[in-house]
Amino acid sequence: MTANPSWHIDPELLAGYVTGASGRASRASVESHLVTCASCRAAMAPLIATDRLDRNLAAIADRVDRPRLHLVERLLERVGVPEHVTRVLAVTPTERGAWLAGMLVALLVAVTADLFSASEVTVFAFLVAAPLLPLVGVTAAVTFRQDPLRELVAAVPTPVFKLFMMRALVVLAPTIAVAAGASMLVPGQGWEPVLWLLPSFGLIVATLALGSWFPVWAVAWTLGGAWVLAAAVWVRGAPSADLVGSYAAFRPAGQLVLLALSLLAGFVVVVRRDSFDLVDLGRTS
Amino acid sequence: MTATTTVELAEVTKSYGSTRALDGITVAFGRGVTGVLGPNGAGKTTLLRIVATVLAPDSGALRVLGEDPAEVRGRLSIRRRLGYFPQEPGYYANLTTFEFVDYIAILKEMTVRRARHDEVRRVLAEVGLGDATHKRIKALSGGMRRRVILAQALLGAPELLVLDEPAAGLDPEQRLRFRETVSAVAEHHTVLLSTHQTEDVTALCQRVVVIDGGRILRDATPEALVEAARGRVWLADRADPGARLSWRTGTGQHRLIGDPPAGATLAEPALEDAYLLLIGRPVGTEPDVAGSSRGR
């Protein structure tokens with residue numbers, strides 16, 4: 001606290017503060033100034049025990065400067081997430097924007113699924129579209145090109161990959177929760193409405209794995225586009241009676257293949273996690 | 001690497017496509033302030049980014065604070081002892097100055113809230129923003145924003161401070177305060193300062209490295225650089241088309257750099273004159289030769 005502000009407390013006001021004669025507004029003003037003004041603290045030293053004053057001022061400064069907690073932070077802290085983690089998650093604009101976008105799209109899907117759930121085509125379309133929502137959210141959260149702090153963040157000891165994962169989890173959790181809730185709204189289809197979870201997981205992990213070599217957003221567009229294109233091409237010649245049950249990705253064998261591919265991609269991500277560390281801006285921007 | 005050397009580069013190269021930004025740079029830096037001067041596109045930012053571990057060189061050897069940034073552990077160790085001011089720092093404009101610096105402090109592994117907040121207050125006071133902790137960054141002037149970035153660079157009293165044009169946009173008072181802060185850090189640590197302000201180099205730096213075209217043109221003390229220009233700077237009543245560079249000063253006389261024109265009197269050289277002689281064009285301008293690179 002070595003600032004030297006352009007103004008200082010009037011001696012009369014200071015004396016009134018020490019004796020307790022000053023009003024509440026004056027006390028607040030004096031205290032907030034004392035926090036940053038070393039010369040006024042020195043002027044007060046003969047009037048009050050300085051060690052006690054320093055302790056009080058430190059406590060006041062901490063209370064005054066402590067950032068206001070967002071709702072997200074309060075919720076996360078309530079469930080035991082450390083303060084410094086909730087702070088990072090709460091203040092990153094990229095993560096918040098991605099999260100909001102994910103939530104909004106997921107809600108739209110929920111409403112759509114609820115309104116048109118009777119159709120086999122609609123359920124199939126829902127199962128193809130739903131994996132894209134978390135993919136969009138995670139891509140937005142981990143793509144540095146939208147983060148104005150990318151160069152600063154690349155020079156800090158916290159690994160960029162760890163930061164990516166923290167952001168991705170915050171985007172994923174509510175998005176998947178809402179989309180999963182929406183899929184439960186699809187009546188009479190048994191376990192089919194949750195078949196999109198593995199494709200979703202696979203797309204995200206594959207994007208991160210390939211993103212350790214290529215720009216994440218480009219990989220996400222390519223894989224997401226390929227997923228939709230494959231479904232669109234297949235559906236043209238498919239039997240209209242059992243679209244979901246006959247599509248390879250939603251059959252048990254296909255789901256197992258997707259699980260195996262996801263695990264393989266996850267292994268690649270873990271092995272290559274350090275490649276996210278350098279802002280070789282060509283890849284991340 | 002000697003005991004006092006904290007940064008050492010040997011034959012370091014970096015290219016962007018067909019443009020070679022660094023062309024076999026070999027240089028070492030130690031305690032104190034070293035100024036890195038050069039025109040736009042000279043390779044200064046690339047050099048500083050490599051030292052700050054955010055960019056990997058294409059080839060060459062590099063040691064920073066005794067560690068190899070190519071290795072994960074070495075990079076981590078460097079980043080724990082590094083303060084970095086990028087050329088184009090970004091902001092989360094909706095955050096207050098305190099929240100912003102606090103965020104970076106967390107990323108610098110300061111996880112204990114009370115101690116972290118004390119450190120945030122210390123660095124904000126250090127750059128003269130002790131009274132602006134609750135101001136949102138979007139409400140700050142350009143100079144104040146740059147001081148916020150300087151504040152985050154000072155977190156944890158780093159052993160190596162890499163500053164890429166930190167004084168751009170600062171008013172004279174802010175610039176003096178900036179010099180005070182940087183010189184205090186440099187008493188015990190290494191500061192690399194890229195700037196277009198030769199006054200800052202003269203006022204702060206024990207050493208100056210002039211770069212152009214990805215190569216080091218000169219590595220000397222500011223005094224030695226100025227001495228090299230002695231006898232090459234003139235004052236005359238009119239412009240001389242034969243001079244390498246000339247301009248009309250506020251007194252109405254023409255300051256000429258190069259060979260002596262008729263009727264001219266010798267002038268005391270400044271660092272900027274020496275720089276102009278070396279580069280052949282004013283500070284901060286683009287090279288006008290073909291094949292020059294931009295936007296590094």
# chains A, B, ... in the order shown; residues from 1 in each chain; ligands from 1

call {"tool": "closest_atom_pairs", "arguments": {"of": "chain B", "to": "chain A", "cutoff": "8 Å", "atoms": "only C-alpha atoms", "output": "Markdown table"}}
result
| residue | atom | partner | partner_atom | distance |
| --- | --- | --- | --- | --- |
| B:Ala52 | CA | A:Ala155 | CA | 6.4 |
| B:Thr53 | CA | A:Ala155 | CA | 6.4 |
| B:Val54 | CA | A:Leu278 | CA | 5.1 |
| B:Leu55 | CA | A:Asp280 | CA | 5.5 |
| B:Ala56 | CA | A:Leu278 | CA | 7.1 |
| B:Val72 | CA | A:Asp274 | CA | 7.1 |
| B:Leu76 | CA | A:Pro157 | CA | 5.4 |
| B:Ser77 | CA | A:Pro157 | CA | 7.7 |
| B:Arg79 | CA | A:Pro157 | CA | 5.0 |
| B:Arg80 | CA | A:Pro157 | CA | 5.5 |
| B:Leu82 | CA | A:Ala155 | CA | 7.8 |
| B:Tyr84 | CA | A:Ala155 | CA | 6.9 |
| B:Phe85 | CA | A:Leu152 | CA | 7.5 |
| B:Pro86 | CA | A:Leu152 | CA | 6.9 |
| B:Pro89 | CA | A:Leu149 | CA | 6.8 |
| B:Gly90 | CA | A:Pro148 | CA | 4.4 |
| B:Tyr91 | CA | A:Pro148 | CA | 6.0 |
| B:Tyr92 | CA | A:Pro93 | CA | 7.2 |
| B:Leu95 | CA | A:Val91 | CA | 7.7 |
| B:Phe98 | CA | A:Asp65 | CA | 7.0 |
| B:Glu99 | CA | A:Pro67 | CA | 6.1 |
| B:Tyr103 | CA | A:Val88 | CA | 6.4 |
| B:Ile104 | CA | A:Val153 | CA | 7.7 |
| B:Ile106 | CA | A:His84 | CA | 6.2 |
| B:Leu107 | CA | A:Thr158 | CA | 5.3 |
| B:Lys108 | CA | A:Val156 | CA | 5.5 |
| B:Glu109 | CA | A:Thr158 | CA | 6.7 |
| B:Thr111 | CA | A:His84 | CA | 5.7 |
| B:Val112 | CA | A:His84 | CA | 7.9 |
| B:Arg113 | CA | A:His84 | CA | 7.4 |
| B:Arg114 | CA | A:Asp62 | CA | 7.0 |
| B:His117 | CA | A:Asp62 | CA | 6.9 |
| B:Asp118 | CA | A:Asp62 | CA | 7.7 |
| B:Arg121 | CA | A:Met1 | CA | 6.5 |
| B:Arg122 | CA | A:Met1 | CA | 5.4 |
| B:Ala125 | CA | A:Ala3 | CA | 4.6 |
| B:Glu126 | CA | A:Thr2 | CA | 6.6 |
| B:Gly128 | CA | A:Ala3 | CA | 5.8 |
| B:Leu129 | CA | A:Ala3 | CA | 7.4 |
| B:Gly130 | CA | A:Ala3 | CA | 5.5 |
| B:Asp131 | CA | A:Thr36 | CA | 6.6 |
| B:Thr133 | CA | A:Asp65 | CA | 7.2 |
| B:His134 | CA | A:Asp65 | CA | 7.4 |

call {"tool": "select_by_dssp", "arguments": {"residues": "segment 168-234 of chain B", "states": "strand (DSSP E)", "output": "short mmCIF file (atom, residue, chain, number, x, y, z; two decimals) with C-alpha atoms, in the first residue's frame"}}
result
data_model
loop_
_atom_site.label_atom_id
_atom_site.label_comp_id
_atom_site.auth_asym_id
_atom_site.auth_seq_id
_atom_site.Cartn_x
_atom_site.Cartn_y
_atom_site.Cartn_z
CA THR B 190 16.66 -8.66 -15.44
CA VAL B 191 14.47 -6.37 -17.50
CA LEU B 192 14.15 -6.56 -21.28
CA LEU B 193 12.54 -3.45 -22.63
CA SER B 194 11.45 -3.10 -26.23
CA ARG B 207 22.74 -1.55 -22.45
CA VAL B 208 20.99 -1.30 -25.79
CA VAL B 209 20.59 -3.91 -28.50
CA VAL B 210 19.63 -2.57 -31.93
CA ILE B 211 17.84 -5.06 -34.18
CA ASP B 212 16.84 -4.83 -37.80
CA ARG B 215 19.68 -9.48 -36.88
CA ILE B 216 21.54 -7.61 -34.20
CA LEU B 217 23.12 -4.51 -35.68
CA ARG B 218 24.70 -3.23 -32.48
CA ASP B 219 25.00 -4.31 -28.87
CA ALA B 220 26.51 -1.59 -26.70
CA VAL B 233 25.50 15.24 -36.45
CA TRP B 234 25.28 18.82 -37.65
#

call {"tool": "residues_around", "arguments": {"residues": "Leu9 of chain B", "least_positions_apart": "6", "cutoff": "6 Å", "atoms": "only C-alpha atoms", "output": "ChimeraX atom specification"}}
result
/B:26-27,61-62

call {"tool": "write_last_selection", "arguments": {"atoms": "C-alpha atoms", "output": "PDB file, in the first residue's frame"}}
result
ATOM      1  CA  THR B  26      23.058 -14.749 -30.574  1.00  0.00           C
ATOM      2  CA  VAL B  27      22.856 -12.595 -27.472  1.00  0.00           C
ATOM      3  CA  ALA B  61      19.611 -22.814 -28.385  1.00  0.00           C
ATOM      4  CA  LEU B  62      17.841 -20.892 -25.646  1.00  0.00           C
TER       5      LEU B  62
END

call {"tool": "atom_distance", "arguments": {"atom1": "atom CA of Arg145 of chain B", "atom2": "atom CA of Ala167 of chain B"}}
result
11.1 Å

call {"tool": "residues_around", "arguments": {"residues": "Ile204 of chain A", "least_positions_apart": "3", "cutoff": "6 Å", "atoms": "only C-alpha atoms", "output": "MDAnalysis selection string"}}
result
chainID A and resid 135 201 207

call {"tool": "residues_around", "arguments": {"residues": "Cys205 of chain B", "least_positions_apart": "5", "cutoff": "6 Å", "atoms": "only C-alpha atoms", "output": "list in words"}}
result
Val33, Thr34 and Gly35 of chain B

call {"tool": "write_last_selection", "arguments": {"atoms": "N, CA and C atoms", "output": "JSON list (two decimals), in the first residue's frame"}}
result
[["chain", "number", "residue", "atom", "x", "y", "z"],
["B", 33, "VAL", "N", 18.57, -3.18, -16.89],
["B", 33, "VAL", "CA", 17.63, -2.96, -17.99],
["B", 33, "VAL", "C", 18.38, -2.98, -19.32],
["B", 34, "THR", "N", 17.97, -3.86, -20.21],
["B", 34, "THR", "CA", 18.51, -3.86, -21.58],
["B", 34, "THR", "C", 17.41, -3.39, -22.52],
["B", 35, "GLY", "N", 17.72, -2.34, -23.26],
["B", 35, "GLY", "CA", 16.75, -1.83, -24.23],
["B", 35, "GLY", "C", 16.90, -2.55, -25.55]]

call {"tool": "residues_around", "arguments": {"residues": "segment 65-69 of chain B", "least_positions_apart": "6", "cutoff": "9 Å", "atoms": "only C-alpha atoms", "output": "ChimeraX atom specification"}}
result
/B:1,5-8,50-51,53,56,75-78,81,159-160

call {"tool": "residues_around", "arguments": {"residues": "segment 245-247 of chain A", "least_positions_apart": "5", "cutoff": "9 Å", "atoms": "only C-alpha atoms", "output": "PDB file with C-alpha atoms, in the first residue's frame"}}
result
ATOM      1  CA  GLU A 192     -32.917 -44.118 -27.456  1.00  0.00           C
ATOM      2  CA  ALA A 231     -26.242 -38.723 -41.220  1.00  0.00           C
ATOM      3  CA  TRP A 234     -27.441 -42.064 -44.954  1.00  0.00           C
ATOM      4  CA  VAL A 235     -30.973 -40.892 -44.186  1.00  0.00           C
ATOM      5  CA  ALA A 238     -32.736 -45.365 -45.102  1.00  0.00           C
ATOM      6  CA  PRO A 239     -35.968 -47.134 -44.091  1.00  0.00           C
ATOM      7  CA  GLY A 254     -21.534 -48.510 -33.357  1.00  0.00           C
TER       8      GLY A 254
END

call {"tool": "atom_distance", "arguments": {"atom1": "atom CA of Gly202 of chain A", "atom2": "atom CA of Leu229 of chain A"}}
result
16.3 Å

call {"tool": "select_by_dssp", "arguments": {"residues": "segment 55-263 of chain B", "states": "alpha helix (DSSP H)", "output": "MDAnalysis selection string"}}
result
chainID B and resid 72:80 97:107 113:126 142:154 172:186 198:204 222:228

call {"tool": "write_last_selection", "arguments": {"atoms": "C-alpha atoms", "output": "short mmCIF file (atom, residue, chain, number, x, y, z; two decimals), in the first residue's frame"}}
result
data_model
loop_
_atom_site.label_atom_id
_atom_site.label_comp_id
_atom_site.auth_asym_id
_atom_site.auth_seq_id
_atom_site.Cartn_x
_atom_site.Cartn_y
_atom_site.Cartn_z
CA VAL B 72 7.78 -28.63 -20.06
CA ARG B 73 9.40 -28.43 -16.63
CA GLY B 74 11.81 -25.75 -17.73
CA ARG B 75 9.01 -23.69 -19.23
CA LEU B 76 6.99 -23.97 -16.05
CA SER B 77 9.95 -22.93 -13.93
CA ILE B 78 10.56 -19.89 -16.16
CA ARG B 79 6.92 -18.84 -16.13
CA ARG B 80 6.88 -18.94 -12.34
CA THR B 97 -8.55 -3.29 -12.23
CA PHE B 98 -8.46 -5.33 -9.02
CA GLU B 99 -10.43 -8.23 -10.49
CA PHE B 100 -8.26 -8.28 -13.59
CA VAL B 101 -4.93 -8.36 -11.76
CA ASP B 102 -6.42 -10.82 -9.25
CA TYR B 103 -7.34 -13.13 -12.13
CA ILE B 104 -3.78 -13.09 -13.48
CA ALA B 105 -2.47 -13.61 -9.93
CA ILE B 106 -4.51 -16.80 -9.68
CA LEU B 107 -3.09 -17.99 -13.00
CA ARG B 113 -6.89 -15.38 -1.23
CA ARG B 114 -5.72 -13.00 1.50
CA ALA B 115 -2.04 -13.09 0.49
CA ARG B 116 -3.01 -12.81 -3.17
CA HIS B 117 -5.18 -9.78 -2.56
CA ASP B 118 -2.35 -8.11 -0.61
CA GLU B 119 -0.04 -8.70 -3.57
CA VAL B 120 -2.61 -7.33 -6.02
CA ARG B 121 -2.98 -4.20 -3.92
CA ARG B 122 0.82 -3.86 -3.75
CA VAL B 123 1.35 -3.97 -7.52
CA LEU B 124 -1.59 -1.69 -8.24
CA ALA B 125 -0.19 0.84 -5.76
CA GLU B 126 3.24 0.38 -7.33
CA GLY B 142 -5.21 4.06 -22.52
CA GLY B 143 -2.31 5.01 -20.26
CA MET B 144 -4.07 3.65 -17.18
CA ARG B 145 -4.84 0.39 -18.97
CA ARG B 146 -1.18 -0.05 -19.78
CA ARG B 147 -0.39 0.51 -16.12
CA VAL B 148 -2.81 -2.30 -15.26
CA ILE B 149 -0.84 -4.58 -17.57
CA LEU B 150 2.41 -3.42 -15.98
CA ALA B 151 0.89 -4.19 -12.56
CA GLN B 152 0.15 -7.79 -13.50
CA ALA B 153 3.69 -8.14 -14.86
CA LEU B 154 5.06 -7.12 -11.45
CA PRO B 172 5.11 12.41 -19.23
CA GLU B 173 4.24 11.95 -15.54
CA GLN B 174 3.21 8.34 -16.07
CA ARG B 175 6.39 7.76 -18.04
CA LEU B 176 8.52 9.03 -15.17
CA ARG B 177 6.64 6.80 -12.77
CA PHE B 178 7.12 3.88 -15.14
CA ARG B 179 10.87 4.53 -15.23
CA GLU B 180 10.94 4.65 -11.44
CA THR B 181 9.17 1.29 -11.19
CA VAL B 182 11.26 -0.46 -13.81
CA SER B 183 14.57 0.84 -12.49
CA ALA B 184 13.65 -0.39 -9.00
CA VAL B 185 12.96 -3.89 -10.36
CA ALA B 186 16.17 -3.84 -12.39
CA THR B 198 14.99 6.51 -27.23
CA GLU B 199 14.48 8.80 -24.22
CA ASP B 200 13.40 5.79 -22.18
CA VAL B 201 16.47 3.88 -23.31
CA THR B 202 18.75 6.77 -22.37
CA ALA B 203 17.06 7.18 -19.00
CA LEU B 204 16.77 3.52 -18.04
CA PRO B 222 23.81 3.87 -24.79
CA GLU B 223 26.88 6.05 -24.22
CA ALA B 224 28.99 4.00 -26.66
CA LEU B 225 26.22 4.18 -29.23
CA VAL B 226 26.04 7.96 -28.87
CA GLU B 227 29.83 8.24 -29.09
CA ALA B 228 29.73 6.43 -32.43
#
